[in-house]
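Visitor: Have a look at this one.
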Amino acid sequence: MGVAQDERRLLCDLFTELGPDAPTLCDPWRARDLAAHLVLRERRFDAALGILAKPLAAHTQKVQDAYAAKPWDDLVDLVRSGPPAWSPYALLDDVLNTVEYFVHHEDVRRAADDWTPRSPDPRRDAALWKGLRGVAKLTYRNSPVGVVLRRPDGESVTVKSGPNPVILTGHVSELLMHAFGRARAEVDYDGDRDAVTAVKRLDRGL
């Protein structure tokens, strides 16, 4: 079982524990909206296009709302069972779903006021680090300054070349959540004060 499957299982267990109205970091989405998004993404390619293409967003919202209206246990079962066997999301599960399911699992976990970061896990963190490189080059692409992501062990990657680089240091999980624009990410900033402010203000939500 890969990391993507681990995160899917853990997220579904948390969905079952917390219920459909639990808050998420994807405000104003509640747990049922997030679950509906995940099902739509893997099962309705016609609607999934609207996640990124604004002209199709109305259709996407209509399909997502229909999924969200399902009985909660049925909706969670759809997430848990995953995409059809012929779907690219099944064939390339670790490539396409590891980061997606980790981030959304954390979106539910970290919405609670008493959240704490999970302990580092070498297997999970290796998979996340691999996915982080590509994601971060996208999310920090509009930064006016350079951005370097550094792990506590010293390994780093430059995700945006530019002047006055800012070094963000944290565990892989925290760097990934920061790259996705989540406020609840524990990272340290090192760099010129104005450059750090620019990175903090950067719109990088996904």
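Chains: A, B, ... in order of the structure tokens. Residues: from 1 per chain. Ligands: from 1, in order shown.
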Mind checking which residues fall within 10 Å of Arg30 in chain A, counting only C-alpha atoms, ignoring those fewer than 3 positions away in the same chain, and posting them as a ChimeraX atom specification?
Guide: /A:19-27,33-35,68,108
Visitor: Since we have the selection now, will you write its residues out, keeping N, CA, C and O atoms, as an mmCIF file, in the first residue's frame?
Guide:
data_model
loop_
_atom_site.group_PDB
_atom_site.id
_atom_site.type_symbol
_atom_site.label_atom_id
_atom_site.label_comp_id
_atom_site.auth_asym_id
_atom_site.auth_seq_id
_atom_site.Cartn_x
_atom_site.Cartn_y
_atom_site.Cartn_z
ATOM 1 N N GLY A 19 -17.765 13.696 11.035
ATOM 2 C CA GLY A 19 -19.063 13.991 10.444
ATOM 3 C C GLY A 19 -19.007 15.001 9.317
ATOM 4 O O GLY A 19 -17.980 15.649 9.074
ATOM 5 N N PRO A 20 -20.124 15.172 8.600
ATOM 6 C CA PRO A 20 -20.146 15.972 7.379
ATOM 7 C C PRO A 20 -19.990 17.465 7.574
ATOM 8 O O PRO A 20 -19.638 18.187 6.637
ATOM 9 N N ASP A 21 -20.253 17.961 8.775
ATOM 10 C CA ASP A 21 -20.207 19.403 9.002
ATOM 11 C C ASP A 21 -18.921 19.871 9.664
ATOM 12 O O ASP A 21 -18.817 21.033 10.076
ATOM 13 N N ALA A 22 -17.940 18.990 9.757
ATOM 14 C CA ALA A 22 -16.657 19.378 10.349
ATOM 15 C C ALA A 22 -15.991 20.462 9.494
ATOM 16 O O ALA A 22 -16.077 20.429 8.259
ATOM 17 N N PRO A 23 -15.341 21.430 10.119
ATOM 18 C CA PRO A 23 -14.675 22.488 9.355
ATOM 19 C C PRO A 23 -13.426 21.964 8.650
ATOM 20 O O PRO A 23 -12.895 20.915 9.011
ATOM 21 N N THR A 24 -12.982 22.691 7.647
ATOM 22 C CA THR A 24 -11.730 22.380 6.955
ATOM 23 C C THR A 24 -10.968 23.678 6.755
ATOM 24 O O THR A 24 -11.512 24.773 6.926
ATOM 25 N N LEU A 25 -9.714 23.558 6.364
ATOM 26 C CA LEU A 25 -8.931 24.752 6.040
ATOM 27 C C LEU A 25 -9.328 25.323 4.683
ATOM 28 O O LEU A 25 -8.882 26.412 4.329
ATOM 29 N N CYS A 26 -10.142 24.600 3.915
ATOM 30 C CA CYS A 26 -10.632 25.086 2.617
ATOM 31 C C CYS A 26 -11.934 25.856 2.829
ATOM 32 O O CYS A 26 -12.948 25.577 2.187
ATOM 33 N N ASP A 27 -11.919 26.799 3.732
ATOM 34 C CA ASP A 27 -13.102 27.574 4.070
ATOM 35 C C ASP A 27 -13.674 28.239 2.810
ATOM 36 O O ASP A 27 -12.898 28.770 2.010
ATOM 37 N N ASP A 33 -18.225 18.974 1.622
ATOM 38 C CA ASP A 33 -17.811 19.635 0.383
ATOM 39 C C ASP A 33 -16.463 19.102 -0.086
ATOM 40 O O ASP A 33 -16.245 18.895 -1.282
ATOM 41 N N LEU A 34 -15.567 18.899 0.870
ATOM 42 C CA LEU A 34 -14.251 18.375 0.526
ATOM 43 C C LEU A 34 -14.351 16.942 0.004
ATOM 44 O O LEU A 34 -13.712 16.582 -0.997
ATOM 45 N N ALA A 35 -15.167 16.134 0.653
ATOM 46 C CA ALA A 35 -15.366 14.759 0.189
ATOM 47 C C ALA A 35 -15.968 14.748 -1.213
ATOM 48 O O ALA A 35 -15.547 13.966 -2.077
ATOM 49 N N ALA A 68 -22.344 16.187 -2.693
ATOM 50 C CA ALA A 68 -22.394 16.614 -1.288
ATOM 51 C C ALA A 68 -23.748 16.330 -0.661
ATOM 52 O O ALA A 68 -23.852 16.187 0.570
ATOM 53 N N VAL A 108 -8.450 18.797 7.094
ATOM 54 C CA VAL A 108 -9.448 18.438 8.098
ATOM 55 C C VAL A 108 -8.807 18.385 9.486
ATOM 56 O O VAL A 108 -9.346 18.927 10.457
#
Visitor: Among range 117-188 of chain A, which ones does DSSP assign to strand (DSSP E) (computed from the backbone)? Answer as a list in words.
Guide: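 These are the residues in question: Val147, Val148, Leu149, Arg150, Ser156, Val157, Thr158, Val159, Lys160, Val166, Ile167, Leu168, Thr169 and Asp188 of chain A.
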Visitor: Save the residues we just selected, all heavy atoms, as an mmCIF file, in the first residue's frame?
Guide:
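Okay, this is what ended up in part_37.cif:
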data_model
loop_
_atom_site.group_PDB
_atom_site.id
_atom_site.type_symbol
_atom_site.label_atom_id
_atom_site.label_comp_id
_atom_site.auth_asym_id
_atom_site.auth_seq_id
_atom_site.Cartn_x
_atom_site.Cartn_y
_atom_site.Cartn_z
ATOM 1 N N VAL A 147 12.915 31.829 -3.584
ATOM 2 C CA VAL A 147 12.365 30.993 -2.518
ATOM 3 C C VAL A 147 13.111 29.661 -2.500
ATOM 4 O O VAL A 147 13.207 28.982 -3.530
ATOM 5 C CB VAL A 147 10.857 30.734 -2.703
ATOM 6 C CG1 VAL A 147 10.327 29.831 -1.583
ATOM 7 C CG2 VAL A 147 10.077 32.043 -2.742
ATOM 8 N N VAL A 148 13.623 29.312 -1.328
ATOM 9 C CA VAL A 148 14.327 28.045 -1.122
ATOM 10 C C VAL A 148 13.612 27.290 -0.009
ATOM 11 O O VAL A 148 13.312 27.873 1.047
ATOM 12 C CB VAL A 148 15.805 28.273 -0.742
ATOM 13 C CG1 VAL A 148 16.493 26.940 -0.482
ATOM 14 C CG2 VAL A 148 16.532 29.065 -1.819
ATOM 15 N N LEU A 149 13.329 26.027 -0.218
ATOM 16 C CA LEU A 149 12.716 25.184 0.801
ATOM 17 C C LEU A 149 13.789 24.268 1.380
ATOM 18 O O LEU A 149 14.506 23.604 0.640
ATOM 19 C CB LEU A 149 11.585 24.349 0.201
ATOM 20 C CG LEU A 149 10.489 25.123 -0.544
ATOM 21 C CD1 LEU A 149 9.402 24.171 -1.011
ATOM 22 C CD2 LEU A 149 9.911 26.223 0.333
ATOM 23 N N ARG A 150 13.886 24.258 2.701
ATOM 24 C CA ARG A 150 14.943 23.483 3.355
ATOM 25 C C ARG A 150 14.349 22.591 4.430
ATOM 26 O O ARG A 150 13.548 23.018 5.255
ATOM 27 C CB ARG A 150 15.980 24.413 3.983
ATOM 28 C CG ARG A 150 17.070 23.670 4.770
ATOM 29 C CD ARG A 150 17.990 24.634 5.470
ATOM 30 N NE ARG A 150 18.816 25.379 4.511
ATOM 31 C CZ ARG A 150 19.503 26.477 4.828
ATOM 32 N NH1 ARG A 150 19.423 26.975 6.054
ATOM 33 N NH2 ARG A 150 20.233 27.084 3.906
ATOM 34 N N SER A 156 17.866 20.862 0.586
ATOM 35 C CA SER A 156 17.060 21.997 0.154
ATOM 36 C C SER A 156 16.829 21.965 -1.346
ATOM 37 O O SER A 156 17.500 21.234 -2.080
ATOM 38 C CB SER A 156 17.741 23.316 0.540
ATOM 39 O OG SER A 156 18.971 23.473 -0.145
ATOM 40 N N VAL A 157 15.864 22.759 -1.774
ATOM 41 C CA VAL A 157 15.565 22.887 -3.186
ATOM 42 C C VAL A 157 15.145 24.330 -3.454
ATOM 43 O O VAL A 157 14.385 24.918 -2.684
ATOM 44 C CB VAL A 157 14.458 21.905 -3.621
ATOM 45 C CG1 VAL A 157 13.170 22.127 -2.849
ATOM 46 C CG2 VAL A 157 14.195 22.025 -5.117
ATOM 47 N N THR A 158 15.689 24.909 -4.521
ATOM 48 C CA THR A 158 15.282 26.248 -4.927
ATOM 49 C C THR A 158 14.062 26.112 -5.826
ATOM 50 O O THR A 158 14.123 25.493 -6.884
ATOM 51 C CB THR A 158 16.414 26.961 -5.689
ATOM 52 O OG1 THR A 158 17.544 27.107 -4.818
ATOM 53 C CG2 THR A 158 15.964 28.334 -6.165
ATOM 54 N N VAL A 159 12.946 26.689 -5.391
ATOM 55 C CA VAL A 159 11.709 26.562 -6.159
ATOM 56 C C VAL A 159 11.373 27.843 -6.922
ATOM 57 O O VAL A 159 10.495 27.847 -7.776
ATOM 58 C CB VAL A 159 10.530 26.154 -5.254
ATOM 59 C CG1 VAL A 159 10.761 24.755 -4.701
ATOM 60 C CG2 VAL A 159 10.326 27.146 -4.126
ATOM 61 N N LYS A 160 12.084 28.928 -6.607
ATOM 62 C CA LYS A 160 11.938 30.154 -7.390
ATOM 63 C C LYS A 160 13.269 30.901 -7.338
ATOM 64 O O LYS A 160 13.737 31.279 -6.270
ATOM 65 C CB LYS A 160 10.828 31.051 -6.823
ATOM 66 C CG LYS A 160 10.694 32.400 -7.539
ATOM 67 C CD LYS A 160 10.351 32.234 -9.006
ATOM 68 C CE LYS A 160 10.397 33.556 -9.775
ATOM 69 N NZ LYS A 160 9.334 34.480 -9.379
ATOM 70 N N VAL A 166 14.487 33.978 0.090
ATOM 71 C CA VAL A 166 13.982 33.641 1.422
ATOM 72 C C VAL A 166 14.076 32.132 1.576
ATOM 73 O O VAL A 166 13.673 31.380 0.695
ATOM 74 C CB VAL A 166 12.524 34.099 1.600
ATOM 75 C CG1 VAL A 166 11.943 33.597 2.920
ATOM 76 C CG2 VAL A 166 12.437 35.621 1.525
ATOM 77 N N ILE A 167 14.641 31.710 2.708
ATOM 78 C CA ILE A 167 14.744 30.277 2.995
ATOM 79 C C ILE A 167 13.643 29.897 3.978
ATOM 80 O O ILE A 167 13.533 30.470 5.066
ATOM 81 C CB ILE A 167 16.125 29.929 3.587
ATOM 82 C CG1 ILE A 167 17.236 30.287 2.604
ATOM 83 C CG2 ILE A 167 16.186 28.446 3.948
ATOM 84 C CD1 ILE A 167 18.628 30.126 3.167
ATOM 85 N N LEU A 168 12.825 28.949 3.572
ATOM 86 C CA LEU A 168 11.771 28.420 4.437
ATOM 87 C C LEU A 168 12.236 27.068 4.954
ATOM 88 O O LEU A 168 12.546 26.174 4.162
ATOM 89 C CB LEU A 168 10.466 28.249 3.672
ATOM 90 C CG LEU A 168 9.904 29.494 2.969
ATOM 91 C CD1 LEU A 168 8.645 29.137 2.217
ATOM 92 C CD2 LEU A 168 9.640 30.592 3.968
ATOM 93 N N THR A 169 12.300 26.930 6.270
ATOM 94 C CA THR A 169 12.783 25.688 6.870
ATOM 95 C C THR A 169 11.664 25.035 7.671
ATOM 96 O O THR A 169 10.970 25.695 8.447
ATOM 97 C CB THR A 169 13.978 25.957 7.799
ATOM 98 O OG1 THR A 169 15.029 26.576 7.056
ATOM 99 C CG2 THR A 169 14.495 24.656 8.396
ATOM 100 N N ASP A 188 9.908 28.156 9.443
ATOM 101 C CA ASP A 188 10.720 29.304 9.840
ATOM 102 C C ASP A 188 11.177 30.050 8.598
ATOM 103 O O ASP A 188 11.526 29.433 7.580
ATOM 104 C CB ASP A 188 11.943 28.843 10.651
ATOM 105 C CG ASP A 188 11.556 28.232 11.987
ATOM 106 O OD1 ASP A 188 10.592 28.724 12.604
ATOM 107 O OD2 ASP A 188 12.215 27.260 12.408
#
Visitor: Can you work out which one of A:Trp72, A:Phe102, A:Phe45, A:Trp115 has the shortest atom-to-atom distance to Tyr89 in chain A, counting only C-alpha atoms?
Guide: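 Closest to Tyr89 in chain A of all the choices is A:Phe45.
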Visitor: Extract the full set of alpha helix (DSSP H) residues from range 1-205 of chain A according to DSSP on the backbone, and format it as a PyMOL selection string.
Guide: chain A and resi 3-18+31-43+45-48+57-68+72-81+88-91+93-109+122-139+172-179+193-201
Visitor: Can you list, as number ranges by chain, every protein, DNA or RNA residue that comes within 9 Å of Arg184 in chain A when you count only C-alpha atoms, leaving out same-chain residues fewer than 5 positions away?
Guide: A: 25, 110-111, 174, 177-178
Visitor: Give me a file of those residues, with N, CA, C and O atoms, as an mmCIF file, in the first residue's frame.
Guide:
data_model
loop_
_atom_site.group_PDB
_atom_site.id
_atom_site.type_symbol
_atom_site.label_atom_id
_atom_site.label_comp_id
_atom_site.auth_asym_id
_atom_site.auth_seq_id
_atom_site.Cartn_x
_atom_site.Cartn_y
_atom_site.Cartn_z
ATOM 1 N N LEU A 25 -9.714 23.558 6.364
ATOM 2 C CA LEU A 25 -8.931 24.752 6.040
ATOM 3 C C LEU A 25 -9.328 25.323 4.683
ATOM 4 O O LEU A 25 -8.882 26.412 4.329
ATOM 5 N N ARG A 110 -6.151 19.933 10.655
ATOM 6 C CA ARG A 110 -5.666 21.218 11.158
ATOM 7 C C ARG A 110 -6.758 22.256 11.352
ATOM 8 O O ARG A 110 -6.499 23.341 11.887
ATOM 9 N N ALA A 111 -7.966 21.932 10.943
ATOM 10 C CA ALA A 111 -9.072 22.844 11.201
ATOM 11 C C ALA A 111 -9.464 22.859 12.675
ATOM 12 O O ALA A 111 -10.132 23.781 13.140
ATOM 13 N N GLU A 174 5.218 20.347 6.634
ATOM 14 C CA GLU A 174 4.941 21.764 6.853
ATOM 15 C C GLU A 174 5.275 22.594 5.617
ATOM 16 O O GLU A 174 4.552 23.530 5.257
ATOM 17 N N MET A 177 2.385 22.093 3.150
ATOM 18 C CA MET A 177 1.184 22.850 3.490
ATOM 19 C C MET A 177 1.390 24.337 3.232
ATOM 20 O O MET A 177 0.478 25.034 2.769
ATOM 21 N N HIS A 178 2.580 24.839 3.496
ATOM 22 C CA HIS A 178 2.872 26.238 3.195
ATOM 23 C C HIS A 178 2.808 26.482 1.695
ATOM 24 O O HIS A 178 2.262 27.493 1.233
#
Visitor: Range 124-133 of chain A: which residues within 12 Å, counting only C-alpha atoms, same-chain residues fewer than 3 positions away excluded, as a PyMOL selection string?
Guide: chain A and resi 1-7+94-103+118-121+136-140+147-151+155-160+170-180
Visitor: For CA of Asp194 in chain A and CA of Asn142 in chain A, quote the distance in Å rounded to one decimal.
Guide: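 Separating CA of Asp194 in chain A from CA of Asn142 in chain A is a distance of 15.8 Å.
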Visitor: Could you tell me which of A:Arg43, A:Arg193, A:Arg204, A:Arg182 comes closest to Ala90 in chain A if we count only C-alpha atoms?
Guide: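 For Ala90 in chain A, the nearest of the given residues is A:Arg43.
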